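File shown: upload-v9.txt. Contents: compact mmCIF, C-alpha atoms and all ligand atoms.
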# COMPACT_ATOMS: atom_id res chain seq x y z
CA MET A 1 -55.02 10.09 48.52
CA VAL A 2 -52.88 12.53 50.51
CA ILE A 3 -49.54 13.57 49.03
CA LEU A 4 -47.00 15.19 51.32
CA GLY A 5 -44.73 17.68 49.57
CA ALA A 6 -44.79 19.54 46.27
CA GLY A 7 -41.33 18.74 44.92
CA PRO A 8 -40.79 16.79 41.70
CA ALA A 9 -41.90 13.52 43.31
CA GLY A 10 -45.13 14.87 44.83
CA LEU A 11 -46.13 16.92 41.81
CA VAL A 12 -45.50 14.21 39.21
CA LEU A 13 -47.49 11.78 41.34
CA ALA A 14 -50.28 14.33 41.81
CA ASN A 15 -50.50 15.01 38.07
CA LEU A 16 -50.64 11.34 37.13
CA LEU A 17 -53.35 10.58 39.67
CA GLN A 18 -55.33 13.67 38.75
CA ALA A 19 -55.26 12.66 35.08
CA ARG A 20 -56.93 9.38 36.05
CA GLY A 21 -59.54 11.07 38.21
CA ILE A 22 -58.17 9.83 41.54
CA ASP A 23 -59.18 12.18 44.31
CA SER A 24 -56.01 13.58 45.90
CA VAL A 25 -54.69 16.56 47.75
CA VAL A 26 -51.11 17.86 48.05
CA LEU A 27 -50.01 19.36 51.37
CA GLU A 28 -46.94 21.57 51.10
CA ARG A 29 -45.12 23.32 53.92
CA GLY A 30 -43.64 26.09 51.76
CA SER A 31 -45.36 28.89 49.90
CA ARG A 32 -46.03 28.72 46.18
CA SER A 33 -43.36 31.33 45.45
CA HIS A 34 -40.85 29.46 47.61
CA ILE A 35 -41.16 26.17 45.73
CA GLN A 36 -41.18 27.96 42.38
CA SER A 37 -37.95 29.84 43.05
CA ARG A 38 -35.78 27.36 44.98
CA ALA A 39 -32.77 26.60 42.75
CA ARG A 40 -31.76 22.97 42.92
CA ALA A 41 -31.01 20.32 40.33
CA GLY A 42 -31.31 20.91 36.60
CA PHE A 43 -30.13 17.86 34.70
CA LEU A 44 -32.98 15.75 33.44
CA ALA A 45 -32.09 12.28 32.21
CA ALA A 46 -33.50 11.05 28.91
CA ASN A 47 -35.77 8.62 30.73
CA THR A 48 -37.14 11.42 32.91
CA VAL A 49 -38.03 13.38 29.78
CA ARG A 50 -39.69 10.27 28.31
CA ILE A 51 -41.83 9.90 31.44
CA LEU A 52 -42.84 13.56 31.36
CA ASP A 53 -43.57 13.28 27.61
CA ARG A 54 -45.79 10.27 28.19
CA TYR A 55 -48.12 12.26 30.44
CA GLY A 56 -48.05 15.58 28.61
CA LEU A 57 -45.91 17.27 31.29
CA SER A 58 -42.95 18.23 29.16
CA GLY A 59 -44.14 21.28 27.16
CA GLY A 60 -42.07 23.76 29.18
CA LEU A 61 -38.89 21.74 29.17
CA HIS A 62 -39.02 21.24 25.43
CA ARG A 63 -39.50 24.99 24.97
CA GLY A 64 -37.04 26.21 27.59
CA GLY A 65 -34.64 23.33 28.18
CA GLN A 66 -31.31 22.85 26.47
CA PRO A 67 -30.04 19.50 25.26
CA HIS A 68 -26.72 18.72 26.81
CA SER A 69 -24.26 15.92 26.26
CA VAL A 70 -20.68 16.93 26.90
CA CYS A 71 -18.64 16.84 30.05
CA GLU A 72 -15.10 18.02 30.38
CA PHE A 73 -12.70 16.76 33.02
CA ARG A 74 -9.76 18.94 34.02
CA THR A 75 -6.95 17.40 36.01
CA ASP A 76 -3.23 17.83 36.54
CA GLU A 77 -2.77 15.66 33.50
CA GLY A 78 -4.65 18.05 31.22
CA ARG A 79 -8.26 17.95 30.11
CA PHE A 80 -10.48 15.63 28.13
CA ARG A 81 -14.07 15.70 26.95
CA LEU A 82 -16.69 13.02 26.68
CA ASP A 83 -19.68 13.49 24.43
CA TYR A 84 -21.99 10.94 25.95
CA SER A 85 -24.58 11.30 23.17
CA GLU A 86 -22.03 9.36 21.13
CA LEU A 87 -21.26 6.80 23.81
CA GLY A 88 -23.22 4.13 25.65
CA ARG A 89 -26.90 4.33 24.68
CA GLY A 90 -26.39 7.67 22.95
CA GLU A 91 -28.65 9.59 25.35
CA ARG A 92 -28.48 13.24 26.40
CA HIS A 93 -29.52 15.33 29.34
CA THR A 94 -31.99 18.17 29.09
CA VAL A 95 -30.89 21.09 31.20
CA TYR A 96 -33.97 22.65 32.74
CA PRO A 97 -33.88 24.28 36.17
CA GLN A 98 -35.80 22.29 38.72
CA GLN A 99 -37.80 25.32 39.85
CA ALA A 100 -39.04 25.73 36.27
CA LEU A 101 -40.08 22.08 36.17
CA VAL A 102 -41.85 22.45 39.52
CA THR A 103 -43.61 25.58 38.19
CA ASP A 104 -44.79 23.68 35.09
CA LEU A 105 -45.94 20.64 37.06
CA LEU A 106 -47.87 22.82 39.47
CA ALA A 107 -49.53 24.85 36.69
CA HIS A 108 -50.54 21.66 34.91
CA TYR A 109 -51.94 20.14 38.07
CA LEU A 110 -53.97 23.23 38.96
CA ALA A 111 -55.27 23.58 35.39
CA ALA A 112 -56.50 19.98 35.57
CA GLY A 113 -58.41 20.82 38.76
CA GLY A 114 -55.83 19.53 41.25
CA ARG A 115 -55.97 20.54 44.92
CA ILE A 116 -52.97 21.79 46.87
CA HIS A 117 -52.57 23.57 50.20
CA PHE A 118 -49.48 25.71 50.62
CA GLU A 119 -47.94 26.78 53.91
CA THR A 120 -49.51 23.68 55.38
CA GLU A 121 -47.10 21.56 57.32
CA VAL A 122 -47.74 17.93 57.94
CA VAL A 123 -46.88 17.21 61.55
CA ALA A 124 -47.10 13.42 61.42
CA VAL A 125 -48.59 10.43 59.67
CA HIS A 126 -50.77 8.32 61.93
CA ASP A 127 -52.11 4.80 61.85
CA ALA A 128 -50.39 3.91 58.56
CA ASN A 129 -50.81 0.23 59.37
CA GLY A 130 -54.39 0.59 60.53
CA HIS A 131 -57.71 0.90 58.76
CA ARG A 132 -58.01 4.67 58.86
CA PRO A 133 -54.63 6.27 58.16
CA TRP A 134 -54.49 10.03 58.63
CA VAL A 135 -52.10 12.93 58.81
CA SER A 136 -52.07 15.77 61.30
CA VAL A 137 -51.50 19.12 59.67
CA ARG A 138 -50.64 22.61 60.86
CA ALA A 139 -52.56 25.12 58.75
CA PRO A 140 -51.17 28.62 57.99
CA ASP A 141 -53.17 30.06 60.92
CA GLY A 142 -51.50 27.59 63.30
CA ARG A 143 -54.55 25.38 63.77
CA VAL A 144 -53.85 21.65 63.76
CA THR A 145 -56.32 19.68 61.67
CA ARG A 146 -56.35 16.23 60.13
CA TRP A 147 -56.68 14.66 56.71
CA GLN A 148 -57.78 11.11 56.30
CA ALA A 149 -56.90 9.02 53.27
CA ARG A 150 -56.82 5.52 51.93
CA TYR A 151 -53.19 5.97 50.94
CA ILE A 152 -50.52 8.48 51.86
CA ALA A 153 -47.50 9.34 49.72
CA GLY A 154 -44.49 10.66 51.61
CA CYS A 155 -42.84 12.93 49.03
CA ASP A 156 -41.76 15.46 51.61
CA GLY A 157 -38.03 14.99 51.41
CA ARG A 158 -35.38 14.03 53.84
CA HIS A 159 -36.61 16.06 56.79
CA GLY A 160 -40.27 15.51 56.14
CA ALA A 161 -43.01 14.13 58.33
CA ALA A 162 -43.25 10.79 56.50
CA ARG A 163 -39.78 9.71 57.58
CA ARG A 164 -40.30 10.97 61.11
CA SER A 165 -43.50 9.00 61.46
CA LEU A 166 -42.11 5.57 60.63
CA PRO A 167 -42.56 3.34 63.65
CA ASP A 168 -39.32 2.37 65.40
CA GLY A 169 -38.02 -0.96 64.27
CA SER A 170 -40.07 -1.00 61.06
CA VAL A 171 -37.41 0.47 58.82
CA ARG A 172 -33.77 -0.03 58.12
CA ARG A 173 -31.72 3.03 57.21
CA TYR A 174 -28.54 2.48 55.23
CA GLN A 175 -26.36 5.51 55.47
CA ARG A 176 -23.06 6.86 54.23
CA ASP A 177 -21.19 10.07 54.88
CA HIS A 178 -18.92 10.71 51.90
CA ARG A 179 -16.88 13.26 53.90
CA VAL A 180 -17.16 15.77 51.09
CA THR A 181 -18.83 19.19 51.20
CA TRP A 182 -19.66 21.40 48.25
CA LEU A 183 -20.41 25.08 48.28
CA GLY A 184 -23.17 25.35 45.67
CA LEU A 185 -23.32 28.72 43.91
CA LEU A 186 -25.75 30.28 41.50
CA ALA A 187 -24.14 33.03 39.44
CA GLU A 188 -25.89 35.60 37.29
CA ALA A 189 -23.39 34.99 34.56
CA PRO A 190 -23.40 33.20 31.23
CA PRO A 191 -21.79 29.76 31.14
CA SER A 192 -18.01 29.80 30.80
CA MET A 193 -17.80 26.68 28.68
CA ASP A 194 -20.07 24.56 26.51
CA ALA A 195 -19.77 21.52 28.77
CA VAL A 196 -20.30 20.39 32.31
CA GLY A 197 -16.91 21.05 33.84
CA TYR A 198 -15.41 18.76 36.47
CA ALA A 199 -12.09 20.05 37.78
CA VAL A 200 -10.11 17.75 40.02
CA HIS A 201 -7.44 19.84 41.67
CA PRO A 202 -5.10 19.32 44.61
CA ARG A 203 -7.02 22.12 46.41
CA GLY A 204 -10.30 20.30 45.86
CA PHE A 205 -13.06 19.84 43.34
CA ALA A 206 -14.61 22.64 41.29
CA GLY A 207 -17.60 22.24 39.00
CA HIS A 208 -19.34 24.23 36.30
CA MET A 209 -22.90 23.53 35.14
CA ALA A 210 -24.82 25.75 32.79
CA ARG A 211 -28.44 26.46 33.73
CA SER A 212 -29.47 28.96 31.05
CA ALA A 213 -27.97 31.62 28.79
CA ASP A 214 -27.35 33.92 31.74
CA ILE A 215 -27.37 31.71 34.83
CA THR A 216 -24.61 29.28 35.74
CA ARG A 217 -24.18 26.95 38.67
CA TYR A 218 -20.73 26.47 40.15
CA TYR A 219 -19.54 24.19 42.90
CA LEU A 220 -16.48 24.36 45.11
CA GLN A 221 -15.40 21.66 47.49
CA VAL A 222 -14.84 23.25 50.90
CA PRO A 223 -13.84 21.89 54.30
CA ARG A 224 -16.79 20.41 56.20
CA GLY A 225 -18.32 23.04 58.46
CA THR A 226 -17.41 26.04 56.28
CA PRO A 227 -20.32 28.51 56.51
CA ALA A 228 -21.85 29.32 53.11
CA GLU A 229 -21.13 33.02 53.62
CA ALA A 230 -17.51 32.52 54.69
CA TRP A 231 -15.96 33.30 51.32
CA SER A 232 -16.23 36.64 49.54
CA GLN A 233 -17.42 36.66 45.94
CA GLU A 234 -13.94 37.58 44.78
CA ARG A 235 -12.36 34.74 46.69
CA ILE A 236 -14.90 32.32 45.23
CA TRP A 237 -14.19 33.40 41.66
CA ASP A 238 -10.42 33.32 42.23
CA GLU A 239 -10.64 29.83 43.67
CA LEU A 240 -12.89 28.63 40.85
CA GLU A 241 -10.45 29.99 38.28
CA LEU A 242 -7.49 28.41 40.00
CA ARG A 243 -9.07 24.96 40.28
CA MET A 244 -10.56 25.09 36.80
CA GLN A 245 -7.16 26.13 35.45
CA ALA A 246 -8.48 29.28 33.84
CA LYS A 247 -4.94 30.41 33.00
CA GLU A 248 -4.57 27.51 30.63
CA TYR A 249 -8.11 26.95 29.47
CA GLY A 250 -9.62 30.41 29.52
CA PRO A 251 -11.15 32.74 32.14
CA LEU A 252 -14.53 32.21 33.75
CA ARG A 253 -17.32 34.64 32.96
CA ARG A 254 -17.89 36.28 36.30
CA GLY A 255 -21.10 37.77 37.60
CA PRO A 256 -22.89 38.33 40.91
CA ILE A 257 -23.43 35.22 43.01
CA VAL A 258 -27.10 35.36 43.83
CA GLN A 259 -27.62 32.15 45.80
CA ARG A 260 -25.27 29.97 47.78
CA GLY A 261 -25.50 27.05 50.14
CA THR A 262 -23.42 24.15 51.35
CA VAL A 263 -24.19 20.51 50.66
CA ALA A 264 -22.63 17.86 52.88
CA PHE A 265 -22.49 14.69 50.83
CA GLU A 266 -24.54 12.15 52.65
CA SER A 267 -26.51 9.33 51.19
CA ASP A 268 -29.09 7.12 52.73
CA VAL A 269 -31.72 4.64 51.71
CA LEU A 270 -34.68 3.50 53.74
CA GLU A 271 -35.98 -0.03 53.41
CA PRO A 272 -38.74 -0.84 52.88
CA LEU A 273 -40.52 2.04 51.13
CA ARG A 274 -43.98 0.88 52.09
CA HIS A 275 -45.43 0.92 55.58
CA GLY A 276 -49.04 -0.12 55.34
CA ALA A 277 -50.81 2.75 53.60
CA LEU A 278 -47.73 4.99 53.58
CA PHE A 279 -45.39 4.98 50.57
CA LEU A 280 -42.12 6.86 50.38
CA ALA A 281 -40.83 8.42 47.15
CA GLY A 282 -38.07 10.85 46.15
CA ASP A 283 -35.72 12.15 48.81
CA ALA A 284 -37.98 10.75 51.51
CA ALA A 285 -37.09 7.27 50.21
CA GLY A 286 -33.42 7.84 49.74
CA LEU A 287 -31.03 10.70 49.59
CA VAL A 288 -28.44 10.47 46.88
CA SER A 289 -25.31 12.63 46.86
CA PRO A 290 -25.53 15.29 44.14
CA ALA A 291 -22.35 14.18 42.34
CA ALA A 292 -24.22 12.56 39.46
CA ALA A 293 -27.43 14.64 39.44
CA LYS A 294 -29.64 11.64 40.13
CA GLY A 295 -31.95 13.01 42.84
CA ALA A 296 -34.66 14.69 40.77
CA ASN A 297 -34.56 11.92 38.15
CA LEU A 298 -35.06 9.24 40.78
CA ALA A 299 -37.89 11.27 42.25
CA VAL A 300 -39.73 11.37 38.90
CA LEU A 301 -39.12 7.67 38.30
CA ALA A 302 -40.43 6.70 41.73
CA ALA A 303 -43.47 8.92 41.27
CA GLU A 304 -44.37 7.19 38.02
CA LEU A 305 -43.93 3.73 39.53
CA LEU A 306 -46.06 4.66 42.51
CA ALA A 307 -48.73 6.37 40.40
CA GLN A 308 -49.11 3.32 38.16
CA ALA A 309 -49.35 1.03 41.15
CA LEU A 310 -51.95 3.25 42.84
CA ILE A 311 -53.99 3.56 39.65
CA ASP A 312 -54.01 -0.23 39.21
CA ASP A 313 -55.12 -0.65 42.78
CA LEU A 314 -57.70 2.10 42.95
CA THR A 315 -59.24 1.66 39.51
CA ASN A 316 -58.82 -2.09 38.82
CA GLY A 317 -58.45 -3.54 42.30
CA ASP A 318 -55.05 -4.92 41.33
CA SER A 319 -52.68 -4.44 44.26
CA SER A 320 -49.68 -6.27 42.80
CA GLY A 321 -47.97 -3.00 41.79
CA LEU A 322 -48.28 -1.61 45.30
CA GLU A 323 -46.87 -4.83 46.72
CA ALA A 324 -43.92 -4.67 44.33
CA TYR A 325 -43.36 -0.90 44.61
CA SER A 326 -40.75 -0.94 47.35
CA ALA A 327 -38.54 -3.61 45.77
CA ARG A 328 -38.81 -2.16 42.26
CA CYS A 329 -38.02 1.34 43.38
CA LEU A 330 -35.16 0.22 45.60
CA THR A 331 -33.46 -1.54 42.69
CA ARG A 332 -33.26 1.79 40.87
CA ILE A 333 -32.28 3.73 43.97
CA TRP A 334 -29.37 1.40 44.72
CA ALA A 335 -28.14 1.53 41.12
CA ALA A 336 -28.14 5.34 41.32
CA GLN A 337 -26.41 5.23 44.70
CA GLU A 338 -23.72 2.98 43.29
CA PHE A 339 -22.96 5.27 40.38
CA SER A 340 -23.11 8.42 42.50
CA ARG A 341 -20.61 6.91 44.89
CA TRP A 342 -18.35 6.05 41.94
CA MET A 343 -18.54 9.70 40.85
CA VAL A 344 -17.83 10.99 44.36
CA ASP A 345 -14.72 8.85 44.45
CA LEU A 346 -13.66 9.98 40.99
CA LEU A 347 -14.00 13.69 41.69
CA HIS A 348 -12.55 14.13 45.15
CA GLY A 349 -9.02 13.89 46.34
CA PRO A 350 -7.68 12.47 49.58
CA SER A 351 -9.56 13.50 52.69
CA GLY A 352 -6.35 13.27 54.70
CA THR A 353 -2.69 12.36 54.55
CA ASP A 354 -3.04 8.91 56.07
CA SER A 355 -2.02 5.99 53.92
CA GLY A 356 -5.65 4.96 53.24
CA SER A 357 -6.41 8.40 51.80
CA LEU A 358 -3.28 8.46 49.70
CA PHE A 359 -4.02 4.97 48.41
CA HIS A 360 -7.52 6.07 47.47
CA ASN A 361 -6.06 9.03 45.64
CA ARG A 362 -3.92 6.77 43.47
CA THR A 363 -6.85 4.50 42.57
CA ARG A 364 -8.87 7.61 41.74
CA LEU A 365 -6.18 8.78 39.33
CA ALA A 366 -6.15 5.32 37.75
CA ARG A 367 -9.93 5.51 37.36
CA MET A 368 -9.62 8.90 35.66
CA ALA A 369 -6.89 7.61 33.34
CA GLU A 370 -9.08 4.68 32.28
CA LEU A 371 -11.99 6.98 31.64
CA ARG A 372 -9.79 9.15 29.52
CA ALA A 373 -8.35 6.34 27.42
CA SER A 374 -10.73 3.41 27.25
CA ARG A 375 -13.80 3.38 25.03
CA SER A 376 -15.43 0.60 27.04
CA HIS A 377 -15.03 2.65 30.24
CA GLN A 378 -16.51 5.65 28.45
CA ASP A 379 -19.52 3.63 27.28
CA TRP A 380 -20.03 2.32 30.80
CA PHE A 381 -19.78 5.85 32.18
CA ALA A 382 -22.16 7.33 29.60
CA GLU A 383 -24.82 4.74 30.18
CA ARG A 384 -24.87 5.32 33.91
CA TYR A 385 -24.25 9.05 33.89
CA VAL A 386 -27.29 9.90 31.80
CA GLY A 387 -29.30 6.77 32.45
CA ILE A 388 -31.54 6.07 35.37
N1 LIG B 401 -45.18 18.97 55.37
C1 LIG B 401 -45.45 19.38 54.10
N2 LIG B 401 -44.49 19.58 53.17
C2 LIG B 401 -43.23 19.31 53.53
C3 LIG B 401 -42.88 18.87 54.82
C4 LIG B 401 -43.92 18.70 55.77
N3 LIG B 401 -43.67 18.29 57.02
N4 LIG B 401 -41.54 18.68 54.86
C5 LIG B 401 -41.06 19.00 53.65
N5 LIG B 401 -42.08 19.38 52.84
C6 LIG B 401 -41.99 19.80 51.43
C7 LIG B 401 -40.82 20.69 51.11
O1 LIG B 401 -41.13 22.05 51.38
C8 LIG B 401 -40.61 20.43 49.63
O2 LIG B 401 -41.31 21.33 48.82
O3 LIG B 401 -41.78 18.65 50.65
C9 LIG B 401 -41.16 19.03 49.43
C10 LIG B 401 -40.09 18.02 49.08
O4 LIG B 401 -39.58 18.35 47.83
P1 LIG B 401 -38.08 18.00 47.40
O5 LIG B 401 -37.17 18.29 48.53
O6 LIG B 401 -37.84 18.65 46.10
O7 LIG B 401 -38.12 16.41 47.26
P2 LIG B 401 -38.48 15.42 46.07
O8 LIG B 401 -39.75 15.76 45.38
O9 LIG B 401 -38.30 14.08 46.68
O10 LIG B 401 -37.34 15.68 44.97
C11 LIG B 401 -36.05 15.42 45.36
O11 LIG B 401 -35.03 16.84 43.64
O12 LIG B 401 -33.66 18.71 43.65
C12 LIG B 401 -33.71 17.37 43.57
O13 LIG B 401 -31.73 16.47 44.16
C13 LIG B 401 -32.93 16.91 44.69
O14 LIG B 401 -33.00 14.67 45.25
C14 LIG B 401 -33.73 15.87 45.25
C15 LIG B 401 -34.96 15.71 44.40

Is it possible to express this structure as structure tokens?
Amino acid sequence: MVILGAGPAGLVLANLLQARGIDSVVLERGSRSHIQSRARAGFLAANTVRILDRYGLSGGLHRGGQPHSVCEFRTDEGRFRLDYSELGRGERHTVYPQQALVTDLLAHYLAAGGRIHFETEVVAVHDANGHRPWVSVRAPDGRVTRWQARYIAGCDGRHGAARRSLPDGSVRRYQRDHRVTWLGLLAEAPPSMDAVGYAVHPRGFAGHMARSADITRYYLQVPRGTPAEAWSQERIWDELELRMQAKEYGPLRRGPIVQRGTVAFESDVLEPLRHGALFLAGDAAGLVSPAAAKGANLAVLAAELLAQALIDDLTNGDSSGLEAYSARCLTRIWAAQEFSRWMVDLLHGPSGTDSGSLFHNRTRLARMAELRASRSHQDWFAERYVGI
């Protein structure tokens, strides 16, 4: 088994296969320190934690993660809080930085005897529909070699080799540009509030998400095309305070911004997720906008589904799970896409002054008002926000 990519999808899959003695190797383009330090998502859904518990992969997140269950919306109409552990199915998130999870998954995999090659870029997947599928690989010294495998898991993200290698005409790509861009910021500063903060302001969205006692993630909606470095730290903090209405609700705890990057909200889903011996999982299968923090959770879910299907096939000769993998995974991906799109619409104002944009803005305000006032809307929200 060859696994492309050592993100959450690839490493959960690798751990589950390793635990069942299935011979696999992970090929990762980045270095070990790169994947262990790249700040990305951090909100683990309850079901993700259950999956990691089931396979003994959750020690670190139970030690270092923080339970989290409150979000606060700030709008022109004031603010309101939802404690989703008391709504819907009563589930919480566990806040645990993705790079810490990746570090744990990697350590566990290596301790169990797992094989991984860093700084090893997969160039392409070949002959996925044939009898001897293989991948071509550029090793750190530049040499191109090949790995042959019975099955190949494309867990190498949106720009990975798995996607690039799909034969023309074999895949349908559903795609949406949400026309929203966030500047994602990592601040060396304690959280400013004890909730996820979603500020919906006429100047654009601003978000606050705690990561740890002294690291906080902030987001600012910016015009598409704005370079990540365009705004000074002072301007960023001033803008965050303005949109989060710090004058009314209290100042933000400022600190140096140590990482920043822009995220253009685009979503896509590939169908199907199986092409002969090649299976797609995680971002390679579908890219979900970050508005509802579903990406890493979907990646873990897909990895478990795929691992179970591979184990059934390789140890019991039962291929029904592999045959069903694409459809089962897509059901979850589309549900996450639907909710993420709902969140994108809730959190972002008109993209223009045309009548369509202004109409959308009014329906968005109505959606926010319902969320504020109606228990059944809150239950619906809670179930989807933390569920996967
Ligand atoms: N060859 C080998 N490795 C590759 C290649 C390649 N050609 N291309 C990409 N990779 C590696 C990347 O360096 C990265 O480490 O594949 C890995 C993919 O990991 P992620 O991008 O984290 O993707 P995934 O495991 O699907 O998890 C996705 O996590 O942070 C969340 O929201 C994010 O939705 C995303 C989710």

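Atom CA of A:Glu323 is positioned 26.6 Å from atom CA of A:Val123.
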
Quick one: residues within 9 Å of A:Pro223, all atoms listed in the file counted, chain neighbours fewer than 6 positions away excluded, as number ranges by chain?
A: 180-182

Test item: residues at most 12 Å from stretch 344-355 of chain A, only C-alpha atoms, excluding those fewer than 4 positions along its chain, as JSON, numbers by chain:
{"A": [73, 74, 75, 176, 177, 178, 179, 180, 181, 182, 197, 198, 199, 200, 201, 202, 203, 204, 205, 206, 207, 219, 220, 221, 222, 223, 224, 264, 265, 266, 267, 288, 289, 290, 291, 292, 293, 337, 338, 339, 340, 359, 360, 361, 362, 363, 364, 365, 366, 367, 368, 369, 370, 371, 381]}

Can you tell me which residues surround stretch 96-107 of chain A at a distance of at most 8 Å, considering only C-alpha atoms, apart from same-chain residues fewer than 6 positions away, and format the answer as a VMD selection string?
chain A and resid 6 to 8 11 to 12 15 35 to 44 57 60 to 61 64 to 66 211 to 212 296

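Among all protein and nucleic acid residues, the ones that lie within 6 Å of ligand LIG 401 (chain B) when counting all atoms listed in the file are Leu4, Gly5, Ala6, Gly7, Pro8, Ala9, Gly10, Leu27, Glu28, Arg29, Gly30, Ile35, Arg40, Ala41, Glu121, Val122, Val123, Cys155, Asp156, Gly157, His159, Gly160, Ala161, Gly282, Asp283, Ala284, Gly295, Ala296 and Ala299 of chain A.
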
In the coordinates of the file, take the point (-61.2, 13.7, 46.4) and a cut-off of 10 Å; then, counting all atoms listed in the file, name each qualifying protein, DNA or RNA residue as a PyMOL selection string.
chain A and resi 1-2+18+21-25+114-115+149

Next, dump the selected residues to file, keeping only C-alpha atoms, as a JSON list (two decimals), in the coordinates of the input.
[["chain", "number", "residue", "atom", "x", "y", "z"],
["A", 1, "MET", "CA", -55.02, 10.09, 48.52],
["A", 2, "VAL", "CA", -52.88, 12.53, 50.51],
["A", 18, "GLN", "CA", -55.33, 13.67, 38.75],
["A", 21, "GLY", "CA", -59.54, 11.07, 38.21],
["A", 22, "ILE", "CA", -58.17, 9.83, 41.54],
["A", 23, "ASP", "CA", -59.18, 12.18, 44.31],
["A", 24, "SER", "CA", -56.01, 13.58, 45.90],
["A", 25, "VAL", "CA", -54.69, 16.56, 47.75],
["A", 114, "GLY", "CA", -55.83, 19.53, 41.25],
["A", 115, "ARG", "CA", -55.97, 20.54, 44.92],
["A", 149, "ALA", "CA", -56.90, 9.02, 53.27]]

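Pairwise distance (atom CA of A:Gly154, atom CA of A:Gly321) equals 17.2 Å.
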
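Around A:Met193, within 9 Å and counting all atoms listed in the file, the residues found are His208, Met209, Ala210 and Leu252 of chain A, once anything fewer than 5 positions away on its own chain is removed.
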
Could you check how far atom CA of A:Arg332 sits from atom CA of A:Leu298, in Å to one decimal?
7.7 Å

Would you kindly return, as a PDB file with C-alpha atoms, in the coordinates of the input, each protein, DNA or RNA residue with an atom no farther than 12 Å from any atom of A:Leu310, considering all atoms listed in the file and excluding same-chain residues fewer than 2 positions away?
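Just written: part.pdb:
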ATOM      1  CA  MET A   1     -55.020  10.090  48.520  1.00  0.00           C
ATOM      2  CA  LEU A  13     -47.490  11.780  41.340  1.00  0.00           C
ATOM      3  CA  ALA A  14     -50.280  14.330  41.810  1.00  0.00           C
ATOM      4  CA  LEU A  16     -50.640  11.340  37.130  1.00  0.00           C
ATOM      5  CA  LEU A  17     -53.350  10.580  39.670  1.00  0.00           C
ATOM      6  CA  GLN A  18     -55.330  13.670  38.750  1.00  0.00           C
ATOM      7  CA  ARG A  20     -56.930   9.380  36.050  1.00  0.00           C
ATOM      8  CA  GLY A  21     -59.540  11.070  38.210  1.00  0.00           C
ATOM      9  CA  ILE A  22     -58.170   9.830  41.540  1.00  0.00           C
ATOM     10  CA  ASP A  23     -59.180  12.180  44.310  1.00  0.00           C
ATOM     11  CA  SER A  24     -56.010  13.580  45.900  1.00  0.00           C
ATOM     12  CA  ARG A 150     -56.820   5.520  51.930  1.00  0.00           C
ATOM     13  CA  TYR A 151     -53.190   5.970  50.940  1.00  0.00           C
ATOM     14  CA  ILE A 152     -50.520   8.480  51.860  1.00  0.00           C
ATOM     15  CA  ALA A 153     -47.500   9.340  49.720  1.00  0.00           C
ATOM     16  CA  ALA A 277     -50.810   2.750  53.600  1.00  0.00           C
ATOM     17  CA  LEU A 278     -47.730   4.990  53.580  1.00  0.00           C
ATOM     18  CA  PHE A 279     -45.390   4.980  50.570  1.00  0.00           C
ATOM     19  CA  ALA A 303     -43.470   8.920  41.270  1.00  0.00           C
ATOM     20  CA  GLU A 304     -44.370   7.190  38.020  1.00  0.00           C
ATOM     21  CA  LEU A 305     -43.930   3.730  39.530  1.00  0.00           C
ATOM     22  CA  LEU A 306     -46.060   4.660  42.510  1.00  0.00           C
ATOM     23  CA  ALA A 307     -48.730   6.370  40.400  1.00  0.00           C
ATOM     24  CA  GLN A 308     -49.110   3.320  38.160  1.00  0.00           C
ATOM     25  CA  ASP A 312     -54.010  -0.230  39.210  1.00  0.00           C
ATOM     26  CA  ASP A 313     -55.120  -0.650  42.780  1.00  0.00           C
ATOM     27  CA  LEU A 314     -57.700   2.100  42.950  1.00  0.00           C
ATOM     28  CA  THR A 315     -59.240   1.660  39.510  1.00  0.00           C
ATOM     29  CA  ASN A 316     -58.820  -2.090  38.820  1.00  0.00           C
ATOM     30  CA  GLY A 317     -58.450  -3.540  42.300  1.00  0.00           C
ATOM     31  CA  ASP A 318     -55.050  -4.920  41.330  1.00  0.00           C
ATOM     32  CA  SER A 319     -52.680  -4.440  44.260  1.00  0.00           C
ATOM     33  CA  SER A 320     -49.680  -6.270  42.800  1.00  0.00           C
ATOM     34  CA  GLY A 321     -47.970  -3.000  41.790  1.00  0.00           C
ATOM     35  CA  LEU A 322     -48.280  -1.610  45.300  1.00  0.00           C
ATOM     36  CA  GLU A 323     -46.870  -4.830  46.720  1.00  0.00           C
ATOM     37  CA  ALA A 324     -43.920  -4.670  44.330  1.00  0.00           C
ATOM     38  CA  TYR A 325     -43.360  -0.900  44.610  1.00  0.00           C
TER      39      TYR A 325
END

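Distances to A:His68 were evaluated for A:Asp194, A:Gly130, A:Val269, A:Gly142 using all atoms listed in the file, and the minimum falls at A:Asp194.
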
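Shortest atom-to-atom contact with A:Ala124 among A:Ala228, A:Val144, A:Leu240, A:Ala189: A:Val144, counting all atoms listed in the file.
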
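Comparing the minimum interatomic distances between A:Pro191 and each of A:Thr216, A:Thr48, A:Gln148, A:Ser69, counting all atoms listed in the file, we find that A:Thr216 sits nearest.
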